[in-house]
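One structure is given here, and the rest of the page talks about it.
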Amino acid sequence: MPEGVCIIGVGYEGFRPTITDVSTRELMFLAASKAYADASVDPRTDIDSFICCTEDFWEGWSITDEMVPDQVGGARRPVCTVPADGIIGMGHAVMHIRSGVADVVSVEAHSKVADVLDKRAVENLALDPVYHRQTGAGSDVLAGLEMSAFMRRSGVTRDDVSRIVKAEKARALSNGRASYGGTLELKEVSDAEPIAAPLLKYDKAEFAEAGTVVVFASERWAKKNKKDGVSVDGLAWRSSAPWFEGGDIMRPEYASEAFRSVMKQAGRRGADSFDLLEIDDTYSYKLLQHLSSVGVPKASAIKMVEEGRVNPSGGSLGTGHLIEATGSHRVLECALQLRGRAGGNQRGKPGTALALSWRGNPTATGAAIALSVGR
Amino acid sequence: MSSKIAKYPGTEVELDDLRSGRFLSSDYETLLRYSWTSGVAVSRFLDGLKSGEIWGKKCGKCGRVLVPPRAYCEEDFVPTDEWVRVRDTGTVNTFSISYVNNDASRRKEPIVVSVVDIDGASPGMGILHLLGEVEPKRVEVGMKVEAAWKPKGKRRGAITDIRYFRPRG
């Protein structure tokens, strides 16, 4: 039986389109300070390992990991950077704990994306340099291609994805962490200007900035130190083949396989076994695609989004896309919900939650984590 | 090549071969642009430089004065809570006489790069900057130096508002 792992504290700062008053390091410090206060731990003595999820090109600073320790409390302590989505960084935290390397681990992820003046230039560097970059087709064009194929094969209509946008934007209005809430009519969404048709303006999550820190501990340590935690019942990540032109558009393997592994670890049967789900919606159609890949059919998926069982936070469409902190945001929302501290968008007293992330185009990498309280 | 191998088997490819199209390759150029938010601590520091002043921040817990200032003390993991104006003088902690630019090209005349421990800051708190108005061979660790500021109207809130540090007195 592997060592049980739980979340003992969360902290965040920002969640605005642009943060002008603090630097990246100060943002990280503020989020970390709140997380450590929430967990009642002293990072200088209680935390054994620090993980930061960041990507140098988004930072504009090579070997960013070398600049991380001070602001998360990790000076002269074990610190490492995972250049990937936050949930994958959390996977490393779970491994540190289960391998006996650490009892308590801090996982930081942030977005200071407004500091990047030409985001397209960074995104384009992720494209295949021989085949894709030369064509001038960027990540949104890839989304347009996938959306077109997905809609044709799944039967999802323009009206369906517009309903997703409308519901998430409305939900975000009650979330203090959301930057892009709004009341939109379906026609307004469907008639919006095209980005890469059929992908329209409101189908894409806009960027936002935030710092997030999640503190993990072994359940043994948490019990010994009398800390209530949110249990990590399963965590996995997968990468599909990195060829955009290949793969099953109806069943992105990174999502379905990560989900399948998490279900096995958690001893659960399906998406329906969770009280709430925070699922990647970098693009509107991706939410339906991801829900389909974890076994939720279209009709149920739209209903679950409109009722707020899926993405009660408003998702990335309502909150904003946080680059590598996007998955951490979903876990943050789940943890707050499970602890009854989600504020205006609290959904009763949920006992179980699932978060699923995607690293964005052109990647085929996703991660999932199952959480619960009161086991 | 090593002492045992004068030439590897195969065909050597020179840069000119690629440029001439003799071998196929893919080229790509990009321009990455950033504008970093300075934040609370660095903004005040840069603003101070514009006024010809050097500011640090003091940690209320360990008492260290951090220069350049930081919003938090990395040792105690608490916010730093007091601004302290330090002097624009200091001591050469270490130096290097550099004959290369940061693109690795050679310089005709060397520059002297130094870490200057600032008077009023805690030990180990220094500013990396150039030394000027001194022959490189006369620079030594422990040398007392002072900031040579740009004229007031030419300062823009950057570390280069200090042109260099020069021997004091």
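We label chains A, B, ... in the order they appear in the structure tokens, count residues from 1 in each chain, and number ligands from 1 in the order shown.
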
Any idea which chain A residues end up within 8 Å of chain B if we count only C-alpha atoms, as a ChimeraX atom specification please? /A:20-24,26,29,43-44,60,70-75,115-118,121-122,129-130

Keeping only C-alpha atoms, take the residues you just selected and write them out as a PDB file, in the first residue's frame.
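Contents of the output file out_20.pdb:
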ATOM      1  CA  THR A  20       1.467  45.623 -12.246  1.00  0.00           C
ATOM      2  CA  ASP A  21       2.293  46.120  -8.580  1.00  0.00           C
ATOM      3  CA  VAL A  22       4.459  43.098  -7.795  1.00  0.00           C
ATOM      4  CA  SER A  23       7.233  41.293  -9.616  1.00  0.00           C
ATOM      5  CA  THR A  24       7.203  37.612 -10.470  1.00  0.00           C
ATOM      6  CA  GLU A  26       7.120  38.919  -5.142  1.00  0.00           C
ATOM      7  CA  PHE A  29       6.465  34.964  -2.246  1.00  0.00           C
ATOM      8  CA  PRO A  43       9.115  26.551   5.094  1.00  0.00           C
ATOM      9  CA  ARG A  44      12.564  26.959   6.617  1.00  0.00           C
ATOM     10  CA  GLY A  60      12.340  35.409 -20.439  1.00  0.00           C
ATOM     11  CA  ASP A  70      14.498  32.533  -2.088  1.00  0.00           C
ATOM     12  CA  GLN A  71      10.896  33.483  -2.779  1.00  0.00           C
ATOM     13  CA  VAL A  72       9.404  30.094  -1.887  1.00  0.00           C
ATOM     14  CA  GLY A  73      11.390  29.599   1.316  1.00  0.00           C
ATOM     15  CA  GLY A  74      13.826  27.174  -0.270  1.00  0.00           C
ATOM     16  CA  ALA A  75      17.165  28.952   0.111  1.00  0.00           C
ATOM     17  CA  ASP A 115       5.494  40.429 -19.056  1.00  0.00           C
ATOM     18  CA  VAL A 116       5.828  38.577 -22.363  1.00  0.00           C
ATOM     19  CA  LEU A 117       5.234  41.252 -24.970  1.00  0.00           C
ATOM     20  CA  ASP A 118       4.942  38.899 -27.926  1.00  0.00           C
ATOM     21  CA  ALA A 121       6.711  34.400 -30.640  1.00  0.00           C
ATOM     22  CA  VAL A 122       6.981  32.102 -27.628  1.00  0.00           C
ATOM     23  CA  PRO A 129      10.401  23.843 -36.897  1.00  0.00           C
ATOM     24  CA  VAL A 130      10.436  21.805 -40.116  1.00  0.00           C
TER      25      VAL A 130
END

What lies within 12 Å of Lys286 of chain A using only C-alpha atoms, ignoring chain neighbours under 3 positions off, as a short mmCIF file (atom, residue, chain, number, x, y, z; two decimals) with N, CA, C and O atoms, in the first residue's frame?
data_model
loop_
_atom_site.label_atom_id
_atom_site.label_comp_id
_atom_site.auth_asym_id
_atom_site.auth_seq_id
_atom_site.Cartn_x
_atom_site.Cartn_y
_atom_site.Cartn_z
N ALA A 143 -5.81 24.69 -33.14
CA ALA A 143 -7.07 24.52 -32.42
C ALA A 143 -8.25 24.58 -33.39
O ALA A 143 -9.20 23.80 -33.29
N GLY A 144 -8.19 25.49 -34.35
CA GLY A 144 -9.26 25.60 -35.35
C GLY A 144 -9.39 24.32 -36.16
O GLY A 144 -10.50 23.85 -36.43
N GLU A 146 -8.45 21.28 -35.19
CA GLU A 146 -8.96 20.21 -34.33
C GLU A 146 -10.44 20.42 -34.03
O GLU A 146 -11.22 19.47 -34.02
N MET A 147 -10.82 21.67 -33.79
CA MET A 147 -12.22 21.97 -33.49
C MET A 147 -13.12 21.57 -34.66
O MET A 147 -14.19 20.98 -34.49
N SER A 148 -12.64 21.89 -35.87
CA SER A 148 -13.42 21.56 -37.07
C SER A 148 -13.64 20.05 -37.17
O SER A 148 -14.76 19.58 -37.37
N ALA A 149 -12.56 19.29 -36.99
CA ALA A 149 -12.66 17.84 -37.08
C ALA A 149 -13.50 17.27 -35.95
O ALA A 149 -14.33 16.37 -36.15
N PHE A 150 -13.31 17.81 -34.75
CA PHE A 150 -14.05 17.31 -33.59
C PHE A 150 -15.55 17.54 -33.75
O PHE A 150 -16.37 16.65 -33.50
N MET A 151 -15.90 18.72 -34.21
CA MET A 151 -17.33 19.03 -34.36
C MET A 151 -17.96 18.14 -35.44
O MET A 151 -19.07 17.64 -35.29
N VAL A 156 -21.03 17.71 -32.27
CA VAL A 156 -21.11 18.95 -31.48
C VAL A 156 -21.35 20.12 -32.42
O VAL A 156 -20.70 20.23 -33.47
N VAL A 161 -21.06 24.60 -28.32
CA VAL A 161 -19.87 25.22 -27.74
C VAL A 161 -20.18 26.63 -27.23
O VAL A 161 -19.61 27.08 -26.23
N ILE A 164 -21.39 26.35 -23.79
CA ILE A 164 -20.26 26.17 -22.85
C ILE A 164 -19.68 27.53 -22.46
O ILE A 164 -19.48 27.84 -21.28
N VAL A 165 -19.43 28.34 -23.47
CA VAL A 165 -18.85 29.66 -23.22
C VAL A 165 -19.77 30.48 -22.34
O VAL A 165 -19.35 31.08 -21.33
N LEU A 199 -13.05 28.33 -34.89
CA LEU A 199 -12.71 28.89 -33.58
C LEU A 199 -12.97 30.41 -33.59
O LEU A 199 -12.39 31.13 -34.41
N ASP A 203 -14.20 31.50 -27.89
CA ASP A 203 -13.87 30.08 -27.71
C ASP A 203 -12.50 29.89 -27.09
O ASP A 203 -12.15 28.79 -26.69
N LYS A 204 -11.73 30.94 -27.03
CA LYS A 204 -10.36 30.84 -26.52
C LYS A 204 -10.23 31.54 -25.17
O LYS A 204 -10.69 32.68 -25.02
N ALA A 205 -9.61 30.85 -24.21
CA ALA A 205 -9.36 31.48 -22.90
C ALA A 205 -8.31 32.56 -23.05
O ALA A 205 -7.27 32.33 -23.68
N ILE A 249 -9.00 12.13 -32.55
CA ILE A 249 -9.52 13.44 -32.15
C ILE A 249 -10.69 13.33 -31.16
O ILE A 249 -10.98 14.26 -30.41
N MET A 250 -11.32 12.19 -31.16
CA MET A 250 -12.45 11.99 -30.24
C MET A 250 -11.99 11.52 -28.88
O MET A 250 -12.76 11.52 -27.93
N ARG A 251 -10.77 11.10 -28.81
CA ARG A 251 -10.31 10.50 -27.56
C ARG A 251 -8.84 10.85 -27.35
O ARG A 251 -7.97 10.01 -27.56
N PRO A 252 -8.55 12.10 -26.97
CA PRO A 252 -7.15 12.46 -26.76
C PRO A 252 -6.55 11.55 -25.69
O PRO A 252 -6.99 11.56 -24.54
N ALA A 255 -5.47 12.53 -22.13
CA ALA A 255 -6.54 12.72 -21.14
C ALA A 255 -7.15 11.39 -20.71
O ALA A 255 -7.29 11.11 -19.52
N ILE A 279 -12.11 20.75 -15.42
CA ILE A 279 -11.58 20.12 -16.62
C ILE A 279 -11.05 21.18 -17.58
O ILE A 279 -11.68 22.23 -17.76
N ASP A 280 -9.96 20.86 -18.25
CA ASP A 280 -9.34 21.83 -19.14
C ASP A 280 -10.32 22.36 -20.20
O ASP A 280 -10.99 21.60 -20.90
N ASP A 281 -10.36 23.67 -20.29
CA ASP A 281 -11.19 24.35 -21.29
C ASP A 281 -10.39 25.51 -21.89
O ASP A 281 -10.90 26.61 -22.04
N THR A 282 -9.15 25.22 -22.23
CA THR A 282 -8.32 26.24 -22.88
C THR A 282 -9.06 26.80 -24.09
O THR A 282 -8.99 27.99 -24.39
N TYR A 283 -9.74 25.91 -24.78
CA TYR A 283 -10.68 26.30 -25.85
C TYR A 283 -12.02 25.65 -25.51
O TYR A 283 -12.06 24.57 -24.92
N GLN A 289 -14.47 17.87 -25.61
CA GLN A 289 -13.58 16.79 -26.05
C GLN A 289 -12.99 16.06 -24.85
O GLN A 289 -12.95 14.83 -24.81
N HIS A 290 -12.53 16.82 -23.86
CA HIS A 290 -11.94 16.19 -22.67
C HIS A 290 -12.99 15.42 -21.88
O HIS A 290 -12.71 14.33 -21.38
N LEU A 291 -14.18 15.98 -21.76
CA LEU A 291 -15.24 15.26 -21.04
C LEU A 291 -15.60 13.98 -21.78
O LEU A 291 -15.84 12.93 -21.17
N SER A 292 -15.63 14.07 -23.11
CA SER A 292 -15.89 12.87 -23.90
C SER A 292 -14.81 11.82 -23.66
O SER A 292 -15.11 10.63 -23.53
N SER A 293 -13.57 12.26 -23.54
CA SER A 293 -12.46 11.32 -23.37
C SER A 293 -12.48 10.65 -22.00
O SER A 293 -11.82 9.63 -21.81
N LYS A 298 -21.87 14.03 -24.80
CA LYS A 298 -22.12 15.45 -25.05
C LYS A 298 -23.31 16.01 -24.26
O LYS A 298 -23.17 17.06 -23.60
N ALA A 301 -22.52 16.30 -20.72
CA ALA A 301 -21.43 17.25 -20.50
C ALA A 301 -21.96 18.68 -20.46
O ALA A 301 -21.63 19.45 -19.54
N GLY A 315 -13.87 27.94 -15.06
CA GLY A 315 -12.83 27.39 -15.94
C GLY A 315 -11.85 28.45 -16.42
O GLY A 315 -11.82 29.58 -15.95
N SER A 316 -11.05 28.05 -17.37
CA SER A 316 -10.09 29.00 -17.95
C SER A 316 -10.79 30.05 -18.80
O SER A 316 -10.31 31.18 -18.91
N LEU A 317 -11.91 29.68 -19.39
CA LEU A 317 -12.65 30.66 -20.21
C LEU A 317 -13.13 31.82 -19.34
O LEU A 317 -13.17 32.97 -19.78
N LEU A 356 -8.42 17.97 -14.34
CA LEU A 356 -7.73 17.45 -15.53
C LEU A 356 -7.17 18.62 -16.32
O LEU A 356 -7.88 19.59 -16.60
N SER A 357 -5.88 18.54 -16.63
CA SER A 357 -5.24 19.65 -17.34
C SER A 357 -4.68 19.20 -18.68
O SER A 357 -4.45 18.02 -18.92
N TRP A 358 -4.48 20.18 -19.54
CA TRP A 358 -3.81 19.97 -20.84
C TRP A 358 -2.80 21.07 -20.98
O TRP A 358 -3.07 22.22 -20.59
N ARG A 359 -1.63 20.76 -21.54
CA ARG A 359 -0.57 21.76 -21.59
C ARG A 359 -0.71 22.72 -22.76
O ARG A 359 0.10 23.63 -22.91
N GLY A 360 -1.71 22.54 -23.56
CA GLY A 360 -1.95 23.49 -24.65
C GLY A 360 -1.25 23.11 -25.93
O GLY A 360 -0.33 22.28 -25.93
N ASN A 361 -1.67 23.70 -27.03
CA ASN A 361 -1.06 23.40 -28.32
C ASN A 361 0.39 23.85 -28.38
O ASN A 361 0.72 24.89 -27.81
#

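When only C-alpha atoms are used to compute distances to Val262 of chain A, the closest of the residues A:Ala222, A:Val82, A:Met28, A:Leu371 turns out to be A:Leu371.
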
Among segment 122-363 of chain A, which ones does DSSP place in helix (DSSP H, G or I), written as a tab-separated table (two decimals) with C-alpha atoms, in the first residue's frame?
chain	number	residue	atom	x	y	z
A	122	VAL	CA	6.98	32.10	-27.63
A	123	GLU	CA	4.11	29.89	-28.77
A	124	ASN	CA	5.57	29.60	-32.25
A	125	LEU	CA	8.83	28.29	-30.83
A	133	ARG	CA	6.45	26.73	-38.08
A	134	GLN	CA	7.24	27.43	-41.72
A	135	THR	CA	3.57	27.52	-42.70
A	139	SER	CA	-1.36	27.29	-32.02
A	140	ASP	CA	-4.82	28.82	-32.52
A	141	VAL	CA	-4.88	27.55	-36.09
A	142	LEU	CA	-4.12	24.07	-34.77
A	143	ALA	CA	-7.07	24.52	-32.42
A	144	GLY	CA	-9.26	25.60	-35.35
A	145	LEU	CA	-8.26	22.49	-37.28
A	146	GLU	CA	-8.96	20.21	-34.33
A	147	MET	CA	-12.22	21.97	-33.49
A	148	SER	CA	-13.42	21.56	-37.07
A	149	ALA	CA	-12.66	17.84	-37.08
A	150	PHE	CA	-14.05	17.31	-33.59
A	151	MET	CA	-17.33	19.03	-34.36
A	152	ARG	CA	-17.74	17.13	-37.61
A	153	ARG	CA	-17.12	13.74	-36.02
A	154	SER	CA	-18.80	14.24	-32.66
A	158	ARG	CA	-21.77	25.77	-32.82
A	159	ASP	CA	-24.68	26.20	-30.46
A	160	ASP	CA	-23.25	23.53	-28.12
A	161	VAL	CA	-19.87	25.22	-27.74
A	162	SER	CA	-21.52	28.63	-27.39
A	163	ARG	CA	-23.55	27.21	-24.49
A	164	ILE	CA	-20.26	26.17	-22.85
A	165	VAL	CA	-18.85	29.66	-23.22
A	166	LYS	CA	-22.01	31.32	-21.96
A	167	ALA	CA	-22.26	29.05	-18.89
A	168	GLU	CA	-18.60	29.40	-17.90
A	169	LYS	CA	-18.52	33.17	-18.33
A	170	ALA	CA	-21.66	33.44	-16.18
A	171	ARG	CA	-20.23	31.11	-13.53
A	172	ALA	CA	-17.06	33.18	-13.35
A	186	LEU	CA	-25.61	32.73	-27.34
A	187	LYS	CA	-25.87	34.79	-30.51
A	188	GLU	CA	-23.15	37.11	-29.26
A	189	VAL	CA	-20.83	34.14	-28.75
A	190	SER	CA	-21.72	32.49	-32.06
A	201	LYS	CA	-13.14	34.99	-30.20
A	202	TYR	CA	-14.92	33.71	-27.09
A	203	ASP	CA	-13.87	30.08	-27.71
A	219	GLU	CA	-0.82	11.41	5.58
A	220	ARG	CA	1.38	9.99	8.31
A	221	TRP	CA	3.02	13.38	8.82
A	222	ALA	CA	-0.33	15.19	8.62
A	223	LYS	CA	-1.85	12.88	11.21
A	224	LYS	CA	1.13	13.22	13.54
A	253	GLU	CA	-5.05	9.73	-25.24
A	254	TYR	CA	-3.21	12.00	-22.84
A	255	ALA	CA	-6.54	12.72	-21.14
A	256	SER	CA	-8.19	9.32	-21.35
A	257	GLU	CA	-5.07	7.42	-20.26
A	258	ALA	CA	-4.22	9.78	-17.40
A	259	PHE	CA	-7.86	9.56	-16.29
A	260	ARG	CA	-7.84	5.77	-16.52
A	261	SER	CA	-4.73	5.55	-14.35
A	262	VAL	CA	-6.20	7.93	-11.79
A	263	MET	CA	-9.42	5.92	-11.63
A	264	LYS	CA	-7.43	2.76	-11.00
A	265	GLN	CA	-5.39	4.40	-8.23
A	266	ALA	CA	-8.48	5.93	-6.65
A	271	ALA	CA	-16.34	10.67	-14.03
A	272	ASP	CA	-19.82	10.36	-12.61
A	273	SER	CA	-18.33	9.28	-9.28
A	284	SER	CA	-14.43	25.83	-25.53
A	285	TYR	CA	-14.56	22.65	-27.64
A	286	LYS	CA	-11.68	21.14	-25.63
A	287	LEU	CA	-13.94	20.94	-22.59
A	288	LEU	CA	-16.42	18.78	-24.49
A	289	GLN	CA	-13.58	16.79	-26.05
A	290	HIS	CA	-11.94	16.19	-22.67
A	291	LEU	CA	-15.24	15.26	-21.04
A	292	SER	CA	-15.89	12.87	-23.90
A	293	SER	CA	-12.46	11.32	-23.37
A	298	LYS	CA	-22.12	15.45	-25.05
A	299	ALA	CA	-25.63	15.87	-23.68
A	300	SER	CA	-24.55	15.14	-20.11
A	301	ALA	CA	-21.43	17.25	-20.50
A	302	ILE	CA	-23.28	20.41	-21.48
A	303	LYS	CA	-25.79	19.87	-18.68
A	304	MET	CA	-23.02	19.37	-16.12
A	305	VAL	CA	-21.32	22.57	-17.22
A	306	GLU	CA	-24.56	24.57	-17.14
A	307	GLU	CA	-25.41	23.20	-13.69
A	315	GLY	CA	-12.83	27.39	-15.94
A	316	SER	CA	-10.09	29.00	-17.95
A	317	LEU	CA	-12.65	30.66	-20.21
A	318	GLY	CA	-13.96	32.57	-17.22
A	319	THR	CA	-10.88	32.80	-15.02
A	323	ILE	CA	0.07	28.92	-18.71
A	324	GLU	CA	1.92	26.41	-16.49
A	325	ALA	CA	-0.21	27.33	-13.46
A	326	THR	CA	-3.42	26.34	-15.22
A	327	GLY	CA	-3.52	22.85	-13.74
A	328	SER	CA	-2.58	24.22	-10.32
A	329	HIS	CA	-5.52	26.59	-10.55
A	330	ARG	CA	-7.88	23.69	-11.19
A	331	VAL	CA	-6.48	21.82	-8.16
A	332	LEU	CA	-6.74	24.99	-6.10
A	333	GLU	CA	-10.41	25.36	-7.01
A	334	CYS	CA	-11.08	21.69	-6.17
A	335	ALA	CA	-9.28	21.94	-2.82
A	336	LEU	CA	-11.17	25.10	-1.89
A	337	GLN	CA	-14.48	23.47	-2.84
A	338	LEU	CA	-13.71	20.33	-0.83
A	343	GLY	CA	-16.53	31.62	-1.79
A	344	GLY	CA	-19.28	32.75	-4.13
A	345	ASN	CA	-19.12	29.66	-6.31

I'd like the contact shell of Lys150 of chain B - 10 Å cut-off, only C-alpha atoms, skipping same-chain residues fewer than 3 positions apart - returned as a ChimeraX atom specification. /B:49-50,52,147,153-156,160-164

For segment 39-42 of chain A, find every residue with an atom within 8 Å (counting only C-alpha atoms), except residues of its own chain fewer than 3 positions away, and show them as a PyMOL selection string. chain A and resi 8-10+35-36+45-47+215+227

Let's have the selection written as a PDB file, in the first residue's frame, with C-alpha atoms.
ATOM      1  CA  ILE A   8      -2.446  20.507   3.744  1.00  0.00           C
ATOM      2  CA  GLY A   9      -2.412  24.064   2.453  1.00  0.00           C
ATOM      3  CA  VAL A  10      -3.119  26.253  -0.549  1.00  0.00           C
ATOM      4  CA  ALA A  35      -0.060  28.611   1.511  1.00  0.00           C
ATOM      5  CA  TYR A  36       2.360  28.102   4.397  1.00  0.00           C
ATOM      6  CA  THR A  45      12.140  23.963   8.900  1.00  0.00           C
ATOM      7  CA  ASP A  46       9.047  21.940   7.980  1.00  0.00           C
ATOM      8  CA  ILE A  47       9.192  21.663   4.195  1.00  0.00           C
ATOM      9  CA  VAL A 215       1.569  22.171   0.069  1.00  0.00           C
ATOM     10  CA  LYS A 227      -3.466  18.697  10.138  1.00  0.00           C
TER      11      LYS A 227
END
